[in-house]
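Shown next: protein.pdb, given as PDB, C-alpha atoms and all ligand atoms.
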```pdb
ATOM      1  CA  MET E   1      75.110 -30.051 -53.759
ATOM      2  CA  SER E   2      71.566 -29.513 -52.485
ATOM      3  CA  ASP E   3      70.451 -26.023 -51.500
ATOM      4  CA  PRO E   4      70.071 -25.965 -47.652
ATOM      5  CA  VAL E   5      67.229 -23.395 -47.748
ATOM      6  CA  LEU E   6      65.304 -25.504 -50.222
ATOM      7  CA  THR E   7      65.919 -28.626 -48.152
ATOM      8  CA  VAL E   8      64.428 -26.991 -45.038
ATOM      9  CA  ALA E   9      61.370 -25.856 -46.979
ATOM     10  CA  GLU E  10      60.935 -29.289 -48.519
ATOM     11  CA  SER E  11      61.172 -30.937 -45.141
ATOM     12  CA  LEU E  12      58.531 -28.528 -43.766
ATOM     13  CA  LYS E  13      56.109 -29.589 -46.493
ATOM     14  CA  ASP E  14      56.854 -33.284 -46.011
ATOM     15  CA  ARG E  15      56.451 -33.088 -42.247
ATOM     16  CA  ALA E  16      53.181 -31.168 -42.517
ATOM     17  CA  ARG E  17      51.884 -33.596 -45.116
ATOM     18  CA  ALA E  18      52.744 -36.531 -42.844
ATOM     19  CA  ALA E  19      51.152 -34.830 -39.826
ATOM     20  CA  LEU E  20      47.934 -34.229 -41.760
ATOM     21  CA  GLY E  21      47.567 -37.793 -43.005
ATOM     22  CA  SER E  22      44.162 -38.285 -44.616
ATOM     23  CA  ARG E  23      42.544 -35.448 -42.660
ATOM     24  CA  ASN E  24      41.390 -32.216 -44.293
ATOM     25  CA  LEU E  25      42.963 -28.903 -43.384
ATOM     26  CA  ILE E  26      40.179 -26.362 -42.944
ATOM     27  CA  LEU E  27      40.820 -22.624 -42.779
ATOM     28  CA  VAL E  28      38.321 -20.542 -40.809
ATOM     29  CA  GLY E  29      38.139 -16.876 -39.851
ATOM     30  CA  LEU E  30      36.595 -13.545 -40.742
ATOM     31  CA  MET E  31      36.244 -12.003 -44.183
ATOM     32  CA  GLY E  32      39.640 -10.821 -45.382
ATOM     33  CA  ALA E  33      41.665 -13.070 -43.079
ATOM     34  CA  GLY E  34      43.266 -14.684 -46.132
ATOM     35  CA  LYS E  35      41.525 -18.080 -46.068
ATOM     36  CA  SER E  36      41.102 -18.303 -49.833
ATOM     37  CA  SER E  37      44.457 -16.912 -50.917
ATOM     38  CA  VAL E  38      46.584 -18.582 -48.223
ATOM     39  CA  GLY E  39      44.603 -21.846 -48.493
ATOM     40  CA  ARG E  40      45.399 -22.141 -52.187
ATOM     41  CA  ILE E  41      49.130 -21.795 -51.472
ATOM     42  CA  VAL E  42      49.019 -24.286 -48.569
ATOM     43  CA  ALA E  43      47.348 -26.857 -50.818
ATOM     44  CA  HIS E  44      49.951 -26.303 -53.523
ATOM     45  CA  GLN E  45      52.761 -26.688 -50.992
ATOM     46  CA  LEU E  46      51.255 -29.899 -49.616
ATOM     47  CA  GLY E  47      50.474 -31.240 -53.074
ATOM     48  CA  ILE E  48      46.825 -31.909 -52.209
ATOM     49  CA  PRO E  49      43.595 -30.535 -53.744
ATOM     50  CA  PHE E  50      42.271 -27.110 -52.804
ATOM     51  CA  VAL E  51      38.628 -26.145 -52.572
ATOM     52  CA  ASP E  52      36.940 -22.944 -51.465
ATOM     53  CA  SER E  53      33.443 -23.303 -50.040
ATOM     54  CA  ASP E  54      32.239 -19.884 -51.273
ATOM     55  CA  ALA E  55      33.455 -20.692 -54.795
ATOM     56  CA  GLU E  56      31.857 -24.150 -54.630
ATOM     57  CA  ILE E  57      28.539 -22.662 -53.472
ATOM     58  CA  GLU E  58      28.654 -20.210 -56.369
ATOM     59  CA  ARG E  59      29.468 -23.027 -58.779
ATOM     60  CA  VAL E  60      26.636 -25.333 -57.725
ATOM     61  CA  SER E  61      24.021 -22.582 -57.438
ATOM     62  CA  ARG E  62      25.249 -20.722 -60.521
ATOM     63  CA  MET E  63      24.734 -17.532 -58.535
ATOM     64  CA  SER E  64      27.123 -15.179 -56.777
ATOM     65  CA  ILE E  65      27.117 -15.066 -52.965
ATOM     66  CA  GLY E  66      25.546 -11.593 -53.219
ATOM     67  CA  GLU E  67      22.762 -12.887 -55.468
ATOM     68  CA  LEU E  68      22.116 -15.838 -53.117
ATOM     69  CA  PHE E  69      21.768 -13.564 -50.097
ATOM     70  CA  ALA E  70      19.489 -11.199 -52.021
ATOM     71  CA  ALA E  71      17.266 -13.946 -53.447
ATOM     72  CA  TYR E  72      17.012 -16.374 -50.499
ATOM     73  CA  GLY E  73      18.384 -14.612 -47.409
ATOM     74  CA  GLU E  74      21.144 -15.587 -45.005
ATOM     75  CA  GLU E  75      19.339 -18.565 -43.448
ATOM     76  CA  GLU E  76      18.986 -20.379 -46.760
ATOM     77  CA  PHE E  77      22.563 -19.512 -47.623
ATOM     78  CA  ARG E  78      23.724 -21.115 -44.345
ATOM     79  CA  ALA E  79      21.708 -24.269 -45.055
ATOM     80  CA  LEU E  80      23.322 -24.549 -48.484
ATOM     81  CA  GLU E  81      26.749 -23.848 -46.975
ATOM     82  CA  THR E  82      26.254 -26.680 -44.449
ATOM     83  CA  ARG E  83      25.375 -29.150 -47.219
ATOM     84  CA  VAL E  84      28.276 -28.084 -49.409
ATOM     85  CA  MET E  85      30.774 -28.243 -46.520
ATOM     86  CA  LYS E  86      29.597 -31.693 -45.493
ATOM     87  CA  ARG E  87      30.200 -32.937 -49.027
ATOM     88  CA  LEU E  88      33.571 -31.204 -49.449
ATOM     89  CA  LEU E  89      34.858 -32.703 -46.208
ATOM     90  CA  LYS E  90      33.969 -36.288 -47.081
ATOM     91  CA  ASN E  91      37.194 -37.128 -48.895
ATOM     92  CA  GLY E  92      40.491 -36.051 -47.401
ATOM     93  CA  PRO E  93      43.091 -34.860 -47.545
ATOM     94  CA  ARG E  94      42.134 -31.494 -48.993
ATOM     95  CA  VAL E  95      42.651 -27.901 -48.028
ATOM     96  CA  VAL E  96      39.207 -26.389 -47.568
ATOM     97  CA  SER E  97      38.905 -22.612 -47.274
ATOM     98  CA  THR E  98      35.574 -21.690 -45.741
ATOM     99  CA  GLY E  99      33.332 -18.656 -45.996
ATOM    100  CA  GLY E 100      33.648 -16.325 -42.998
ATOM    101  CA  GLY E 101      30.446 -17.493 -41.311
ATOM    102  CA  ALA E 102      30.786 -21.241 -41.880
ATOM    103  CA  PHE E 103      32.490 -22.084 -38.585
ATOM    104  CA  ILE E 104      29.967 -19.913 -36.694
ATOM    105  CA  ASN E 105      27.073 -22.123 -37.719
ATOM    106  CA  ASP E 106      26.696 -24.975 -35.196
ATOM    107  CA  ARG E 107      25.905 -27.666 -37.754
ATOM    108  CA  THR E 108      28.668 -26.650 -40.149
ATOM    109  CA  ARG E 109      31.147 -26.417 -37.285
ATOM    110  CA  LYS E 110      30.362 -30.013 -36.277
ATOM    111  CA  HIS E 111      31.157 -31.184 -39.813
ATOM    112  CA  ILE E 112      34.388 -29.192 -39.781
ATOM    113  CA  LYS E 113      35.426 -30.573 -36.394
ATOM    114  CA  LYS E 114      34.794 -34.096 -37.590
ATOM    115  CA  GLY E 115      36.347 -33.565 -41.010
ATOM    116  CA  GLY E 116      39.880 -32.570 -40.108
ATOM    117  CA  VAL E 117      42.182 -30.001 -38.571
ATOM    118  CA  SER E 118      40.703 -26.516 -38.327
ATOM    119  CA  VAL E 119      42.991 -23.485 -38.412
ATOM    120  CA  TRP E 120      41.747 -20.020 -37.451
ATOM    121  CA  LEU E 121      43.458 -17.236 -39.381
ATOM    122  CA  LYS E 122      43.142 -14.502 -36.783
ATOM    123  CA  ALA E 123      43.617 -10.879 -37.816
ATOM    124  CA  ASP E 124      43.042  -7.518 -36.195
ATOM    125  CA  LEU E 125      40.409  -5.063 -37.350
ATOM    126  CA  ASP E 126      42.698  -2.744 -39.320
ATOM    127  CA  VAL E 127      44.273  -5.591 -41.288
ATOM    128  CA  LEU E 128      40.837  -6.989 -42.162
ATOM    129  CA  TRP E 129      39.392  -3.592 -43.011
ATOM    130  CA  GLU E 130      42.273  -2.638 -45.298
ATOM    131  CA  ARG E 131      41.634  -5.842 -47.240
ATOM    132  CA  VAL E 132      37.845  -5.971 -47.418
ATOM    133  CA  ASN E 133      37.089  -2.330 -48.114
ATOM    134  CA  LYS E 134      38.552  -2.631 -51.607
ATOM    135  CA  ARG E 135      35.633  -4.729 -52.865
ATOM    136  CA  ASP E 136      31.903  -4.516 -52.164
ATOM    137  CA  THR E 137      31.018  -8.148 -52.873
ATOM    138  CA  ARG E 138      30.346  -9.108 -49.254
ATOM    139  CA  PRO E 139      26.625  -8.798 -48.479
ATOM    140  CA  LEU E 140      27.058  -8.640 -44.690
ATOM    141  CA  LEU E 141      29.170  -5.490 -45.074
ATOM    142  CA  LYS E 142      26.630  -3.568 -47.121
ATOM    143  CA  THR E 143      25.725  -1.378 -44.146
ATOM    144  CA  GLU E 144      25.932   2.330 -43.270
ATOM    145  CA  ASN E 145      29.179   1.786 -41.366
ATOM    146  CA  PRO E 146      30.848  -1.371 -42.668
ATOM    147  CA  LYS E 147      33.961  -0.986 -40.501
ATOM    148  CA  GLN E 148      31.756  -0.911 -37.383
ATOM    149  CA  THR E 149      29.860  -3.943 -38.709
ATOM    150  CA  LEU E 150      33.159  -5.768 -39.144
ATOM    151  CA  GLU E 151      34.121  -4.896 -35.575
ATOM    152  CA  ASN E 152      30.749  -6.161 -34.310
ATOM    153  CA  LEU E 153      31.293  -9.402 -36.212
ATOM    154  CA  MET E 154      34.742  -9.729 -34.628
ATOM    155  CA  ASN E 155      33.295  -9.291 -31.142
ATOM    156  CA  ALA E 156      30.531 -11.801 -31.752
ATOM    157  CA  ARG E 157      32.599 -14.382 -33.614
ATOM    158  CA  TYR E 158      36.081 -14.429 -32.112
ATOM    159  CA  PRO E 159      34.995 -16.524 -29.092
ATOM    160  CA  ILE E 160      33.675 -19.106 -31.572
ATOM    161  CA  TYR E 161      36.662 -19.092 -33.942
ATOM    162  CA  GLU E 162      38.692 -19.827 -30.814
ATOM    163  CA  LEU E 163      37.169 -23.304 -30.871
ATOM    164  CA  ALA E 164      39.292 -24.110 -33.925
ATOM    165  CA  ASP E 165      42.058 -26.661 -33.356
ATOM    166  CA  LEU E 166      44.848 -24.199 -34.199
ATOM    167  CA  THR E 167      45.303 -20.445 -34.489
ATOM    168  CA  VAL E 168      47.686 -18.594 -36.806
ATOM    169  CA  LEU E 169      48.069 -14.829 -36.677
ATOM    170  CA  SER E 170      47.214 -13.326 -40.063
ATOM    171  CA  ARG E 171      49.049 -10.106 -40.831
ATOM    172  CA  ASP E 172      50.559  -8.205 -43.714
ATOM    173  CA  VAL E 173      53.460 -10.432 -44.548
ATOM    174  CA  ARG E 174      53.889 -12.397 -47.777
ATOM    175  CA  LYS E 175      51.115 -14.932 -48.312
ATOM    176  CA  GLU E 176      53.750 -17.647 -48.786
ATOM    177  CA  LEU E 177      55.040 -16.908 -45.291
ATOM    178  CA  MET E 178      51.494 -17.143 -43.909
ATOM    179  CA  ALA E 179      51.164 -20.498 -45.646
ATOM    180  CA  GLU E 180      54.407 -21.712 -44.058
ATOM    181  CA  GLU E 181      53.120 -20.676 -40.644
ATOM    182  CA  VAL E 182      50.013 -22.770 -41.217
ATOM    183  CA  LEU E 183      52.212 -25.759 -42.086
ATOM    184  CA  LYS E 184      54.334 -25.189 -38.969
ATOM    185  CA  ALA E 185      51.212 -25.016 -36.776
ATOM    186  CA  VAL E 186      50.037 -28.373 -38.147
ATOM    187  CA  ILE E 187      53.440 -29.931 -37.446
ATOM    188  CA  ASP E 188      53.688 -28.403 -33.934
ATOM    189  CA  ALA E 189      50.209 -29.601 -33.004
ATOM    190  CA  ARG E 190      51.104 -33.109 -34.075
ATOM    191  CA  THR E 191      54.367 -33.004 -32.134
ATOM    192  CA  GLU E 192      52.630 -31.722 -28.997
ATOM    193  CA  SER E 193      49.878 -34.327 -29.116
ATOM    194  CA  ALA E 194      52.493 -37.071 -29.517
ATOM    195  CA  ALA E 195      54.545 -35.813 -26.535
TER     196      ALA E 195
HETATM  197  N1  LIG V 201      49.102 -11.914 -46.121
HETATM  198  C1  LIG V 201      48.461 -11.057 -46.922
HETATM  199  N2  LIG V 201      49.057  -9.897 -47.245
HETATM  200  C2  LIG V 201      48.444  -9.021 -48.043
HETATM  201  N3  LIG V 201      47.198  -9.190 -48.577
HETATM  202  C3  LIG V 201      46.575 -10.310 -48.305
HETATM  203  C4  LIG V 201      47.151 -11.308 -47.455
HETATM  204  N4  LIG V 201      46.286 -12.338 -47.345
HETATM  205  C5  LIG V 201      45.204 -11.983 -48.086
HETATM  206  N5  LIG V 201      45.377 -10.776 -48.666
HETATM  207  C6  LIG V 201      44.433 -10.067 -49.554
HETATM  208  O1  LIG V 201      43.270  -9.777 -48.796
HETATM  209  C7  LIG V 201      42.111  -9.945 -49.620
HETATM  210  C8  LIG V 201      41.201 -10.955 -48.915
HETATM  211  O2  LIG V 201      41.863 -12.223 -48.890
HETATM  212  P1  LIG V 201      41.033 -13.570 -49.061
HETATM  213  O3  LIG V 201      40.019 -13.433 -50.147
HETATM  214  O4  LIG V 201      42.016 -14.674 -49.152
HETATM  215  O5  LIG V 201      40.274 -13.598 -47.654
HETATM  216  P2  LIG V 201      39.156 -14.605 -47.130
HETATM  217  O6  LIG V 201      39.510 -14.920 -45.739
HETATM  218  O7  LIG V 201      39.012 -15.732 -48.082
HETATM  219  O8  LIG V 201      37.824 -13.703 -47.141
HETATM  220  P3  LIG V 201      36.260 -14.158 -47.364
HETATM  221  O9  LIG V 201      35.766 -14.736 -46.062
HETATM  222  O10 LIG V 201      35.559 -12.892 -47.699
HETATM  223  O11 LIG V 201      36.248 -15.169 -48.479
HETATM  224  C9  LIG V 201      42.603 -10.409 -50.979
HETATM  225  O12 LIG V 201      42.649  -9.285 -51.820
HETATM  226  C10 LIG V 201      43.976 -10.956 -50.710
HETATM  227  O13 LIG V 201      44.841 -10.822 -51.829
HETATM  228  O1  LIG V 202      31.417 -13.796 -42.839
HETATM  229  C1  LIG V 202      30.410 -14.218 -43.440
HETATM  230  O2  LIG V 202      29.363 -14.524 -42.862
HETATM  231  C2  LIG V 202      30.492 -14.396 -44.914
HETATM  232  C3  LIG V 202      31.732 -14.426 -45.520
HETATM  233  C4  LIG V 202      31.925 -14.713 -46.943
HETATM  234  O3  LIG V 202      33.054 -15.572 -47.100
HETATM  235  C5  LIG V 202      30.680 -15.347 -47.592
HETATM  236  O4  LIG V 202      30.541 -16.697 -47.215
HETATM  237  C6  LIG V 202      29.452 -14.581 -47.196
HETATM  238  O5  LIG V 202      29.611 -13.275 -47.686
HETATM  239  C7  LIG V 202      29.239 -14.567 -45.675
HETATM  240 MG    MG V 203      37.430 -16.531 -49.169
END
```

How does the structure come out when it is put into structure tokens?
Ligand SMILES: Nc1ncnc2c1ncn2[C@@H]1O[C@H](COP(=O)(O)OP(=O)(O)OP(=O)(O)O)[C@@H](O)[C@H]1O
Ligand SMILES: O=C(O)C1=C[C@@H](O)[C@@H](O)[C@H](O)C1
Ligand SMILES: [Mg+2]
Amino acid sequence: MSDPVLTVAESLKDRARAALGSRNLILVGLMGAGKSSVGRIVAHQLGIPFVDSDAEIERVSRMSIGELFAAYGEEEFRALETRVMKRLLKNGPRVVSTGGGAFINDRTRKHIKKGGVSVWLKADLDVLWERVNKRDTRPLLKTENPKQTLENLMNARYPIYELADLTVLSRDVRKELMAEEVLKAVIDARTESAA
């Protein structure tokens, strides 16, 4: 006999996959929201390719994000990010996890909006801080008071992340559960738009 729990989970994946069609699923949000780690699981669950824009930028430039910021500055980094995102979004369906500032850039946001369903992983300051303060690889947080900087970024960026198609609350639960909530949001959005 089939396991009922497994059957529900399977049906969640199938329904989300059908709702997505050939569109990309693009995760946006601040540093530490879980875009890279949750995105990888979502892609695995959907059985579609996963790509992370920060990792792709590092691959094509053969430099780390920190080195890119130091050598060329943020503006050049954003221009490169726009080009990379445009290319990554050309062929769907994929799960694309973005860098924290990608959706904030007007040109990149237009590509994202055109390229698929955007999901904002929204988290509160303490959740984000607990996660990002363990590593010092994020150039924008190399300040005197990085927690304050993170809060300033939240205040400036949250009104823009709100422009994403869907929002999922990111918190300290298992990453697999976060991934399931992303799938459910995709299904619900499809159901609502069909109603
Ligand atoms: N639901 C979760 N519960 C506990 N830890 C998590 C959760 N989601 C992510 N993390 C951890 O938080 C850290 C940051 O996650 P991740 O790299 O996925 O964030 P991100 O949104 O991609 O950040 P960035 O914009 O800097 O790339 C990682 O160490 C990851 O393991
Ligand atoms: O929030 C941001 O602007 C950034 C987030 C990271 O993912 C990297 O893309 C880079 O450190 C910039
Ligand atoms: Mg990431």

Inset, instruction - Kindly resolve the PyMOL selection byres (((not hetatm)) within 6 of (chain V and resi 201)) on the present coordinates and return the residues as a PyMOL selection string. - result: chain E and resi 30-37+99-100+131+171-175

Can you spit out the residues from that selection as a CSV table (one decimal), keeping the file's coordinate frame, using C-alpha atoms?
```csv
chain,number,residue,atom,x,y,z
E,30,LEU,CA,36.6,-13.5,-40.7
E,31,MET,CA,36.2,-12.0,-44.2
E,32,GLY,CA,39.6,-10.8,-45.4
E,33,ALA,CA,41.7,-13.1,-43.1
E,34,GLY,CA,43.3,-14.7,-46.1
E,35,LYS,CA,41.5,-18.1,-46.1
E,36,SER,CA,41.1,-18.3,-49.8
E,37,SER,CA,44.5,-16.9,-50.9
E,99,GLY,CA,33.3,-18.7,-46.0
E,100,GLY,CA,33.6,-16.3,-43.0
E,131,ARG,CA,41.6,-5.8,-47.2
E,171,ARG,CA,49.0,-10.1,-40.8
E,172,ASP,CA,50.6,-8.2,-43.7
E,173,VAL,CA,53.5,-10.4,-44.5
E,174,ARG,CA,53.9,-12.4,-47.8
E,175,LYS,CA,51.1,-14.9,-48.3
```

Written as a tab-separated table (two decimals) with C-alpha atoms, in the frame of the given file, what is the full residue list that the PyMOL selection byres (((not hetatm)) within 8 of (chain V and resi 202)) yields on the file shown?
```
chain	number	residue	atom	x	y	z
E	29	GLY	CA	38.14	-16.88	-39.85
E	30	LEU	CA	36.60	-13.54	-40.74
E	31	MET	CA	36.24	-12.00	-44.18
E	53	SER	CA	33.44	-23.30	-50.04
E	54	ASP	CA	32.24	-19.88	-51.27
E	65	ILE	CA	27.12	-15.07	-52.96
E	66	GLY	CA	25.55	-11.59	-53.22
E	98	THR	CA	35.57	-21.69	-45.74
E	99	GLY	CA	33.33	-18.66	-46.00
E	100	GLY	CA	33.65	-16.32	-43.00
E	101	GLY	CA	30.45	-17.49	-41.31
E	102	ALA	CA	30.79	-21.24	-41.88
E	137	THR	CA	31.02	-8.15	-52.87
E	138	ARG	CA	30.35	-9.11	-49.25
E	139	PRO	CA	26.62	-8.80	-48.48
E	140	LEU	CA	27.06	-8.64	-44.69
E	153	LEU	CA	31.29	-9.40	-36.21
```

Legend entry - Hits from the PyMOL selection byres (((chain E and resi 39) around 8) and not hetatm), listed as an NGL selection string: :E and (27 or 34-38 or 40-43 or 50 or 95-97 or 179)

Inset, instruction - Using all atoms listed in the file, determine which residues lie at most 12 Å from E:Glu58, disregarding the query and same-chain residues fewer than 2 positions distant; provide the list as a list of chain:residue names. - result: E:Asp52, E:Ser53, E:Asp54, E:Ala55, E:Glu56, E:Val60, E:Ser61, E:Arg62, E:Met63, E:Ser64, E:Ile65, E:Gly66, E:Glu67, E:Leu68, E:Phe69, E:Phe77, E:Leu80, E:Glu81, E:Val84, E:Gly99

Inset, instruction - Find the residues around E:Tyr158 up to 12 Å (all atoms listed in the file counted), leave out those fewer than 4 positions away in its own chain, and share them as JSON, numbers by chain. - result: {"E": [28, 29, 30, 100, 101, 103, 104, 120, 121, 122, 123, 124, 125, 150, 151, 152, 153, 154, 162, 163, 164, 167]}

Inset, instruction - Name the closest residue to E:Glu76 among the candidates E:Ala18, E:Ile57, E:Ser170, E:Asp165; distances are taken between atoms, counting all atoms listed in the file. - result: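 So, comparing all the options, the nearest one is E:Ile57.
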
Inset, instruction - Go through E:Met178, E:Pro49, E:Ala185, E:Ile26 and flag the residue nearest ligand MG 203 (chain V), using only C-alpha atoms and all ligand atoms for the distances. - result: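 Comparing E:Met178, E:Pro49, E:Ala185, E:Ile26 against ligand MG 203 (chain V), the winner is E:Ile26.
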
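For the set E:Leu25, E:Leu141, E:Ala19, E:Val51, the residue with the smallest atom-to-atom gap to ligand MG 203 (chain V) is E:Val51, counting all atoms listed in the file.
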
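Going from atom CA of E:Gly21 over to atom CA of E:Leu183, you cover 12.9 Å.
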
Inset, instruction - May I ask for the distance between atom CA of E:Gln45 and atom CA of E:Ile112, given in Å to one decimal place? - result: 21.7 Å

Legend entry - Close residues, E:Ala189 itself excluded, 12 Å, all atoms listed in the file, min 4 positions apart in chain, as a ChimeraX atom specification: /E:15-16,19-20,117-119,165-168,182-185,193-195

Next, dump the selected residues to file, keeping only C-alpha atoms, as a PDB file, in the coordinates of the input.
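What landed in selection_34.pdb:
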```
ATOM      1  CA  ARG E  15      56.451 -33.088 -42.247  1.00  0.00           C
ATOM      2  CA  ALA E  16      53.181 -31.168 -42.517  1.00  0.00           C
ATOM      3  CA  ALA E  19      51.152 -34.830 -39.826  1.00  0.00           C
ATOM      4  CA  LEU E  20      47.934 -34.229 -41.760  1.00  0.00           C
ATOM      5  CA  VAL E 117      42.182 -30.001 -38.571  1.00  0.00           C
ATOM      6  CA  SER E 118      40.703 -26.516 -38.327  1.00  0.00           C
ATOM      7  CA  VAL E 119      42.991 -23.485 -38.412  1.00  0.00           C
ATOM      8  CA  ASP E 165      42.058 -26.661 -33.356  1.00  0.00           C
ATOM      9  CA  LEU E 166      44.848 -24.199 -34.199  1.00  0.00           C
ATOM     10  CA  THR E 167      45.303 -20.445 -34.489  1.00  0.00           C
ATOM     11  CA  VAL E 168      47.686 -18.594 -36.806  1.00  0.00           C
ATOM     12  CA  VAL E 182      50.013 -22.770 -41.217  1.00  0.00           C
ATOM     13  CA  LEU E 183      52.212 -25.759 -42.086  1.00  0.00           C
ATOM     14  CA  LYS E 184      54.334 -25.189 -38.969  1.00  0.00           C
ATOM     15  CA  ALA E 185      51.212 -25.016 -36.776  1.00  0.00           C
ATOM     16  CA  SER E 193      49.878 -34.327 -29.116  1.00  0.00           C
ATOM     17  CA  ALA E 194      52.493 -37.071 -29.517  1.00  0.00           C
ATOM     18  CA  ALA E 195      54.545 -35.813 -26.535  1.00  0.00           C
TER      19      ALA E 195
END
```

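The shortest atom-to-atom distance to ligand MG 203 (chain V), with all atoms listed in the file taken into account, belongs to E:Val132 out of E:Val132, E:Leu89, E:Val186, E:Ala70.
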
Legend entry - Interatomic distance, atom CA of E:Trp129 to atom CA of E:Glu74 (Å, one decimal):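 Straight-line distance from atom CA of E:Trp129 to atom CA of E:Glu74 works out to 21.9 Å.
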